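S.K.: Let me give you the structure first, and then I'll get to my questions.
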Amino acid sequence: MGTRTISVVENILDANDRIAQANQELFDSTKTFAINFMASPGAGKTSVILRTVQYLNSRYRMAGVDGDVATTIDADRMAAIGIPAVQINTGGTCHLDAVMLSGALPKIELSEVDLLIIENVGNLICPASFKLGSHLDVLIASVPEGDDKPYKYPKMYRGVKATLLNKIDLLPYLDFDVEYFRKGVEVLNPGLAFFQISAKTGDGFEAYIDWLRNQIDVYLERA
Amino acid sequence: MHELPFVESVLKITVEQAQQAKAKRVVGVNLVIGDLSSMVDESVQFYWDIVSEGTIAEGAKLHFKRLPVVFQCKDCGTKYQLDGKHLACPKCGSTHVAIVGGDEAHFESIEIE
């Protein structure tokens, strides 16, 4: 019996995308706005999130999902400031995908949550390939990573709605060309929101939080 | 490591398609992968050999058609590829550009017996 070739018209990650869609429908059914924060390890995801939560805590009911290869350090840090958090240990996998997230969602009382903060695994490569079903995807870049990252990891900058450039308190000490960085981001993702912040000093947070609050309020129909 | 869920998805679709076609076994899988998809061919094949064990796709060879990341200038229409340093149009210098290729991650065909 000979070999024959049959043509197959399928996108490889369709299954993930379908589950991401189901996650979003679940969020919509409870009117929960889901934000997915992505960044490389050490960009300051947890610090940015903790400061963000402090700004928004009195306005929204919040919960968190933390993705990490191992440990519950990040979920513990959220819990310590009063945000119920679920840790997903990916056991070596370098990103969260829609299936992992859907497995964590039953542990959260979504009907009592206005804002769900998802902290993805620290990685600039594959979180971009796996949709989660979040309403807003945010990339946190940081000054010590260097200004060439949009040129080296173009995909990461394409799928997001906002980029936060963190650790701007280090700009005087490092050769980081903000305009070169920004130009790279702008080419890949024209019109995306761009904020320069420092999670350490709080610089730049007001403009970013105003923008974020607006995104959430429009969704929650509070604007 | 992100290749694993990707490979599991490839296997699931391959087995479904092969069963529908009443195949005895799958000898080859032809995939189209853009360079923006961040998949490493060797890594995909490595996981494939493990997860396809015991299925009708066991031993099938994966073939990759790699597609480069292609930009197109919205001002002068030039199509070009990235050199890793510059994103702007090499012809007119415009940064008013769009990515028109490189995101692909889909099947083309499978070879069955």
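In the structure tokens, chains take the letters A, B, ... in the order shown, each chain's residues start at 1, and ligands count up from 1 in the order shown.
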For chain B, report every residue with an atom at most 9 Å from chain A (counting only C-alpha atoms), formatted as a PyMOL selection string.
M.R.: chain B and resi 1-2+4-7+9-10+13-14+17-18+21+26-28+31+36-39+82+84-88+95-99+103-113
S.K.: Can you tell me, as an NGL selection string, which residues in segment 67-101 of chain B count as strand (DSSP E) by DSSP?
M.R.: :B and (67 or 70-73 or 79-81 or 97-101)
S.K.: As a ChimeraX atom specification, please: every residue in chain B that a backbone DSSP assignment puts in alpha helix (DSSP H).
M.R.: /B:3-20,41-51
S.K.: Ranking B:Leu11, B:Arg25, B:Gly102, B:Lys91 by minimum distance to Ile56 of chain B and counting only C-alpha atoms, which one comes first?
M.R.: B:Arg25
S.K.: Could you name the residues that touch Glu3 of chain B at 8 Å or less, counting only C-alpha atoms, but leaving out those on the same chain fewer than 5 positions away, as a PDB file with N, CA and C atoms, in the first residue's frame?
M.R.:
```pdb
ATOM      1  N   MET B  39       9.299  28.538  17.580  1.00  0.00           N
ATOM      2  CA  MET B  39       9.379  27.091  17.728  1.00  0.00           C
ATOM      3  C   MET B  39      10.713  26.616  17.134  1.00  0.00           C
ATOM      4  N   VAL B  40      11.394  25.749  17.864  1.00  0.00           N
ATOM      5  CA  VAL B  40      12.659  25.206  17.373  1.00  0.00           C
ATOM      6  C   VAL B  40      12.391  23.818  16.792  1.00  0.00           C
ATOM      7  N   SER B  43      13.556  20.710  18.643  1.00  0.00           N
ATOM      8  CA  SER B  43      12.845  20.529  19.899  1.00  0.00           C
ATOM      9  C   SER B  43      11.449  19.964  19.646  1.00  0.00           C
ATOM     10  N   VAL B  44      10.808  20.458  18.594  1.00  0.00           N
ATOM     11  CA  VAL B  44       9.478  19.957  18.238  1.00  0.00           C
ATOM     12  C   VAL B  44       9.574  18.464  17.885  1.00  0.00           C
ATOM     13  N   TYR B  47      10.083  16.258  21.101  1.00  0.00           N
ATOM     14  CA  TYR B  47       8.855  15.995  21.851  1.00  0.00           C
ATOM     15  C   TYR B  47       7.919  15.092  21.048  1.00  0.00           C
TER      16      TYR B  47
END
```
S.K.: Have a look at atom CA of Thr163 of chain A and atom CA of Arg213 of chain A and let me know their distance in Å, one decimal.
M.R.: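 If I compute the distance from atom CA of Thr163 of chain A to atom CA of Arg213 of chain A, I get 15.6 Å.
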S.K.: At a cut-off of 7 Å, using only C-alpha atoms, what residues contact Leu164 of chain A? Leave out same-chain residues fewer than 6 positions from it and give the result as a list in words.
M.R.: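 Contacts, with the query itself left out: Leu139, Ile140, Ala141, Phe194, Phe195, Gln196 and Ile197 of chain A.
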S.K.: Could you write out the selected residues, including C-alpha atoms, as an mmCIF file, in the first residue's frame?
M.R.:
```
data_model
loop_
_atom_site.group_PDB
_atom_site.id
_atom_site.type_symbol
_atom_site.label_atom_id
_atom_site.label_comp_id
_atom_site.auth_asym_id
_atom_site.auth_seq_id
_atom_site.Cartn_x
_atom_site.Cartn_y
_atom_site.Cartn_z
ATOM 1 C CA LEU A 139 4.072 43.810 28.715
ATOM 2 C CA ILE A 140 6.430 45.033 31.399
ATOM 3 C CA ALA A 141 9.898 45.841 30.071
ATOM 4 C CA PHE A 194 3.374 53.325 26.523
ATOM 5 C CA PHE A 195 4.199 54.357 30.086
ATOM 6 C CA GLN A 196 7.504 54.943 31.830
ATOM 7 C CA ILE A 197 7.335 53.922 35.471
#
```
